[in-house]
Amino acid sequence: MAENNYPGKRMKKNLLIVIFLVVILLLFCSWQNNSIVISHYEYAGDKVDSALNGLHIVHLSDLHNKEFHGRLAAAIKEQQPDFIVITGDLIDRNCTNLDIALDLVKEAVSLAPVYFVSGNHEEQSNMYPELQSRLKACGVIILDNEANIVEFRGGNFNFIGLVDPQSYKNKLSNPYGTEEQGKIIKEIIKANRVEDKFNILLAHRPEFFEVYAECGIDLVFTGHAHGGQIRLPMIGGLVAPGQGFLPKYTSGLHTMGNTAMVISRGLGNSIFPQRIFNRPELVVVTLKRI
């Protein structure tokens, strides 16, 4: 009798193991998609005014209308930001519920001045004019190809913002021609950069890093790459929009000449619904004078 029941017991045991592994996998995927990691970086340079020493900038990018149920706002508050910058894709072109994004923005504005530039999803959503209007009503400073000299503790620096290149496709003979896009970006930066100031650029796309460095920007905040979506040890991100497979710029602090670029891995998901070894990221950069 015991021998006849053995195959059934083994099948039941195997089924329980499969169920256990599936539950673990689901919990892991949920944790990877929803647990916020906070990354801290320092930018040290002699162009940092002594009054700016210790200034904290909190950087958000690529929210894509993701709802964190108050956890993201709480995380921002814990960092005690002096300024908050948002580098595009606050909304998703396929999920344009502006209220989700604006609820977060209202919380952010209550903590520190907020500066915003658009991403490709704002431009593709056909909702950007309404989003602009509502962001301004919340008190957000929108830098669409503009600059703003910011006073802080008796010192100052220059914020420059770039709209996403998606917005000027009609100016290009090849809508996806990065060389032509780079030329327009150079013109915009040249018109807004201030020679004797510390220049901080807000731009959605990291793949134009060489252009930003050539223009003499000191510090750049970007996003767009989603950390490569799936990250593997010793390899990094696997794929990023605008850079393809095994992209160069997906995360962290990069330097080129006198220019530093900080890339946010983003907070939400877009086309691919799952992050792997790539949790939603909130970035904090502290300025140091040397």
# chains A, B, ... in the order shown; residues from 1 in each chain; ligands from 1
$ closest_atom_pairs --of "segment 92-149 of chain A" --to "segment 170-192 of chain A" --cutoff "9 Å" --atoms "only C-alpha atoms" --output "Markdown table"
| residue | atom | partner | partner_atom | distance |
| --- | --- | --- | --- | --- |
| A:Asn145 | CA | A:Ile188 | CA | 6.2 |
| A:Glu146 | CA | A:Asn192 | CA | 6.4 |
| A:Ala147 | CA | A:Asn192 | CA | 5.6 |
| A:Asn148 | CA | A:Asn192 | CA | 8.7 |
$ closest_atom_pairs --of "segment 24-70 of chain A" --to "segment 276-283 of chain A" --cutoff "10 Å" --atoms "only C-alpha atoms" --output "Markdown table"
| residue | atom | partner | partner_atom | distance |
| --- | --- | --- | --- | --- |
| A:Phe28 | CA | A:Ile276 | CA | 9.0 |
| A:Cys29 | CA | A:Ile276 | CA | 7.3 |
| A:Ser30 | CA | A:Arg279 | CA | 9.8 |
| A:Trp31 | CA | A:Arg279 | CA | 7.7 |
| A:Gln32 | CA | A:Arg279 | CA | 4.9 |
| A:Asn33 | CA | A:Arg279 | CA | 5.8 |
| A:Asn34 | CA | A:Pro280 | CA | 6.5 |
| A:Ser35 | CA | A:Arg279 | CA | 6.2 |
| A:Ile36 | CA | A:Pro280 | CA | 5.0 |
| A:Val37 | CA | A:Glu281 | CA | 5.0 |
| A:Ile38 | CA | A:Leu282 | CA | 4.8 |
| A:Ser39 | CA | A:Val283 | CA | 4.9 |
| A:His40 | CA | A:Val283 | CA | 6.1 |
| A:Tyr41 | CA | A:Val283 | CA | 7.8 |
| A:Ile57 | CA | A:Val283 | CA | 8.2 |
| A:Val58 | CA | A:Val283 | CA | 5.7 |
| A:His59 | CA | A:Val283 | CA | 5.0 |
| A:Leu60 | CA | A:Leu282 | CA | 6.0 |
| A:Ser61 | CA | A:Leu282 | CA | 8.3 |
| A:Asp62 | CA | A:Pro280 | CA | 9.5 |
| A:Leu63 | CA | A:Pro280 | CA | 9.0 |
$ closest_residue --among "A:Leu25, A:Ile230, A:Ala112, A:Met256" --to "Gly216 of chain A" --atoms "only C-alpha atoms"
A:Met256
$ closest_residue --among "A:Asn65, A:Asn97, A:Ser264, A:Thr255" --to "Leu202 of chain A" --atoms "only C-alpha atoms"
A:Ser264
$ residues_around --residues "segment 237-254 of chain A" --least-positions-apart "5" --cutoff "7 Å" --atoms "only C-alpha atoms" --output "list in words"
Pro206, Glu207, Ala225, His226, Gly227, Gly228, Gln229, Ile230, Arg231, Leu232, Ala260, Met261, Val262, Ile263, Ser264 and Arg265 of chain A
$ write_last_selection --atoms "N, CA and C atoms" --output "short mmCIF file (atom, residue, chain, number, x, y, z; two decimals), in the first residue's frame"
data_model
loop_
_atom_site.label_atom_id
_atom_site.label_comp_id
_atom_site.auth_asym_id
_atom_site.auth_seq_id
_atom_site.Cartn_x
_atom_site.Cartn_y
_atom_site.Cartn_z
N PRO A 206 21.41 60.42 -21.73
CA PRO A 206 22.83 60.37 -21.42
C PRO A 206 23.72 60.11 -22.64
N GLU A 207 23.14 59.63 -23.72
CA GLU A 207 23.97 59.25 -24.87
C GLU A 207 24.64 60.44 -25.56
N ALA A 225 17.82 55.83 -19.64
CA ALA A 225 18.34 54.49 -19.93
C ALA A 225 17.72 53.41 -19.06
N HIS A 226 17.00 53.79 -18.01
CA HIS A 226 16.36 52.81 -17.11
C HIS A 226 17.36 51.82 -16.53
N GLY A 227 18.61 52.25 -16.40
CA GLY A 227 19.62 51.37 -15.84
C GLY A 227 19.97 50.18 -16.71
N GLY A 228 19.52 50.22 -17.97
CA GLY A 228 19.71 49.05 -18.83
C GLY A 228 18.63 47.99 -18.60
N GLN A 229 17.64 48.33 -17.77
CA GLN A 229 16.46 47.51 -17.46
C GLN A 229 16.83 46.25 -16.70
N ILE A 230 17.64 45.38 -17.28
CA ILE A 230 18.16 44.20 -16.59
C ILE A 230 19.66 44.40 -16.43
N ARG A 231 20.15 44.28 -15.19
CA ARG A 231 21.58 44.48 -14.92
C ARG A 231 22.21 43.17 -14.45
N LEU A 232 23.38 42.89 -14.99
CA LEU A 232 24.11 41.69 -14.63
C LEU A 232 25.46 42.05 -14.03
N ALA A 260 31.15 66.15 -15.44
CA ALA A 260 30.66 64.96 -14.76
C ALA A 260 29.18 64.77 -15.11
N MET A 261 28.78 63.52 -15.30
CA MET A 261 27.38 63.22 -15.60
C MET A 261 26.87 62.16 -14.63
N VAL A 262 25.74 62.44 -14.01
CA VAL A 262 25.08 61.49 -13.11
C VAL A 262 23.84 60.95 -13.82
N ILE A 263 23.76 59.63 -13.93
CA ILE A 263 22.64 58.99 -14.62
C ILE A 263 21.75 58.29 -13.61
N SER A 264 20.49 58.66 -13.57
CA SER A 264 19.52 57.95 -12.74
C SER A 264 19.05 56.70 -13.47
N ARG A 265 18.93 55.61 -12.72
CA ARG A 265 18.38 54.38 -13.30
C ARG A 265 16.85 54.45 -13.39
#
$ residues_around --residues "Asp46 of chain A" --least-positions-apart "6" --cutoff "9 Å" --atoms "only C-alpha atoms" --output "ChimeraX atom specification"
/A:288-290
$ select_by_dssp --residues "segment 27-98 of chain A" --states "alpha helix (DSSP H)" --output "PyMOL selection string"
chain A and resi 27-34+71-78+98
$ write_last_selection --atoms "N, CA, C and O atoms" --output "PDB file, in the first residue's frame"
ATOM      1  N   LEU A  27       7.773  37.334  -5.267  1.00  0.00           N
ATOM      2  CA  LEU A  27       8.193  38.281  -4.238  1.00  0.00           C
ATOM      3  C   LEU A  27       9.456  39.021  -4.666  1.00  0.00           C
ATOM      4  O   LEU A  27       9.585  40.231  -4.454  1.00  0.00           O
ATOM      5  N   PHE A  28      10.386  38.297  -5.278  1.00  0.00           N
ATOM      6  CA  PHE A  28      11.625  38.914  -5.758  1.00  0.00           C
ATOM      7  C   PHE A  28      11.320  39.960  -6.827  1.00  0.00           C
ATOM      8  O   PHE A  28      11.858  41.080  -6.795  1.00  0.00           O
ATOM      9  N   CYS A  29      10.459  39.612  -7.769  1.00  0.00           N
ATOM     10  CA  CYS A  29      10.115  40.545  -8.852  1.00  0.00           C
ATOM     11  C   CYS A  29       9.423  41.787  -8.300  1.00  0.00           C
ATOM     12  O   CYS A  29       9.695  42.905  -8.749  1.00  0.00           O
ATOM     13  N   SER A  30       8.542  41.592  -7.334  1.00  0.00           N
ATOM     14  CA  SER A  30       7.866  42.735  -6.719  1.00  0.00           C
ATOM     15  C   SER A  30       8.864  43.632  -6.001  1.00  0.00           C
ATOM     16  O   SER A  30       8.793  44.863  -6.092  1.00  0.00           O
ATOM     17  N   TRP A  31       9.788  43.032  -5.268  1.00  0.00           N
ATOM     18  CA  TRP A  31      10.820  43.786  -4.554  1.00  0.00           C
ATOM     19  C   TRP A  31      11.693  44.563  -5.530  1.00  0.00           C
ATOM     20  O   TRP A  31      11.988  45.736  -5.322  1.00  0.00           O
ATOM     21  N   GLN A  32      12.077  43.931  -6.628  1.00  0.00           N
ATOM     22  CA  GLN A  32      12.917  44.587  -7.627  1.00  0.00           C
ATOM     23  C   GLN A  32      12.205  45.768  -8.280  1.00  0.00           C
ATOM     24  O   GLN A  32      12.825  46.775  -8.607  1.00  0.00           O
ATOM     25  N   ASN A  33      10.906  45.670  -8.446  1.00  0.00           N
ATOM     26  CA  ASN A  33      10.151  46.725  -9.114  1.00  0.00           C
ATOM     27  C   ASN A  33       9.735  47.861  -8.187  1.00  0.00           C
ATOM     28  O   ASN A  33       9.481  48.974  -8.657  1.00  0.00           O
ATOM     29  N   ASN A  34       9.667  47.591  -6.888  1.00  0.00           N
ATOM     30  CA  ASN A  34       9.014  48.558  -5.998  1.00  0.00           C
ATOM     31  C   ASN A  34       9.852  49.056  -4.830  1.00  0.00           C
ATOM     32  O   ASN A  34       9.488  50.048  -4.203  1.00  0.00           O
ATOM     33  N   ARG A  71       5.734  56.335  -0.401  1.00  0.00           N
ATOM     34  CA  ARG A  71       7.086  55.925  -0.017  1.00  0.00           C
ATOM     35  C   ARG A  71       8.157  56.757  -0.702  1.00  0.00           C
ATOM     36  O   ARG A  71       9.206  57.054  -0.112  1.00  0.00           O
ATOM     37  N   LEU A  72       7.917  57.144  -1.941  1.00  0.00           N
ATOM     38  CA  LEU A  72       8.906  57.953  -2.665  1.00  0.00           C
ATOM     39  C   LEU A  72       8.984  59.345  -2.073  1.00  0.00           C
ATOM     40  O   LEU A  72      10.086  59.882  -1.858  1.00  0.00           O
ATOM     41  N   ALA A  73       7.853  59.951  -1.801  1.00  0.00           N
ATOM     42  CA  ALA A  73       7.852  61.281  -1.194  1.00  0.00           C
ATOM     43  C   ALA A  73       8.557  61.263   0.158  1.00  0.00           C
ATOM     44  O   ALA A  73       9.320  62.178   0.497  1.00  0.00           O
ATOM     45  N   ALA A  74       8.328  60.200   0.927  1.00  0.00           N
ATOM     46  CA  ALA A  74       8.995  60.080   2.233  1.00  0.00           C
ATOM     47  C   ALA A  74      10.503  59.944   2.061  1.00  0.00           C
ATOM     48  O   ALA A  74      11.281  60.522   2.837  1.00  0.00           O
ATOM     49  N   ALA A  75      10.922  59.185   1.054  1.00  0.00           N
ATOM     50  CA  ALA A  75      12.358  59.004   0.805  1.00  0.00           C
ATOM     51  C   ALA A  75      13.014  60.317   0.399  1.00  0.00           C
ATOM     52  O   ALA A  75      14.142  60.624   0.823  1.00  0.00           O
ATOM     53  N   ILE A  76      12.314  61.104  -0.423  1.00  0.00           N
ATOM     54  CA  ILE A  76      12.848  62.412  -0.821  1.00  0.00           C
ATOM     55  C   ILE A  76      13.011  63.300   0.401  1.00  0.00           C
ATOM     56  O   ILE A  76      14.046  63.959   0.594  1.00  0.00           O
ATOM     57  N   LYS A  77      12.008  63.321   1.245  1.00  0.00           N
ATOM     58  CA  LYS A  77      12.043  64.162   2.446  1.00  0.00           C
ATOM     59  C   LYS A  77      13.211  63.790   3.353  1.00  0.00           C
ATOM     60  O   LYS A  77      13.877  64.666   3.926  1.00  0.00           O
ATOM     61  N   GLU A  78      13.485  62.501   3.484  1.00  0.00           N
ATOM     62  CA  GLU A  78      14.570  62.035   4.349  1.00  0.00           C
ATOM     63  C   GLU A  78      15.931  62.553   3.907  1.00  0.00           C
ATOM     64  O   GLU A  78      16.849  62.698   4.716  1.00  0.00           O
ATOM     65  N   LEU A  98      -2.255  62.202 -15.302  1.00  0.00           N
ATOM     66  CA  LEU A  98      -1.378  63.236 -14.768  1.00  0.00           C
ATOM     67  C   LEU A  98      -1.461  63.362 -13.259  1.00  0.00           C
ATOM     68  O   LEU A  98      -0.501  63.802 -12.614  1.00  0.00           O
TER      69      LEU A  98
END
$ closest_residue --among "A:Ile149, A:Phe157, A:Gly257, A:Pro165" --to "Val48 of chain A" --atoms "only C-alpha atoms"
A:Phe157
$ closest_residue --among "A:Ile160, A:Val114, A:Val220, A:Ile91" --to "Tyr128 of chain A" --atoms "only C-alpha atoms"
A:Ile91
$ residues_around --residues "Thr286 of chain A" --least-positions-apart "2" --cutoff "6 Å" --atoms "only C-alpha atoms" --output "ChimeraX atom specification"
/A:42,54-56
$ write_last_selection --atoms "C-alpha atoms" --output "PDB file, in the first residue's frame"
ATOM      1  CA  GLU A  42      29.676  63.706  -4.523  1.00  0.00           C
ATOM      2  CA  GLY A  54      27.387  70.712   1.052  1.00  0.00           C
ATOM      3  CA  LEU A  55      24.395  71.556  -1.144  1.00  0.00           C
ATOM      4  CA  HIS A  56      22.137  68.515  -1.692  1.00  0.00           C
TER       5      HIS A  56
END
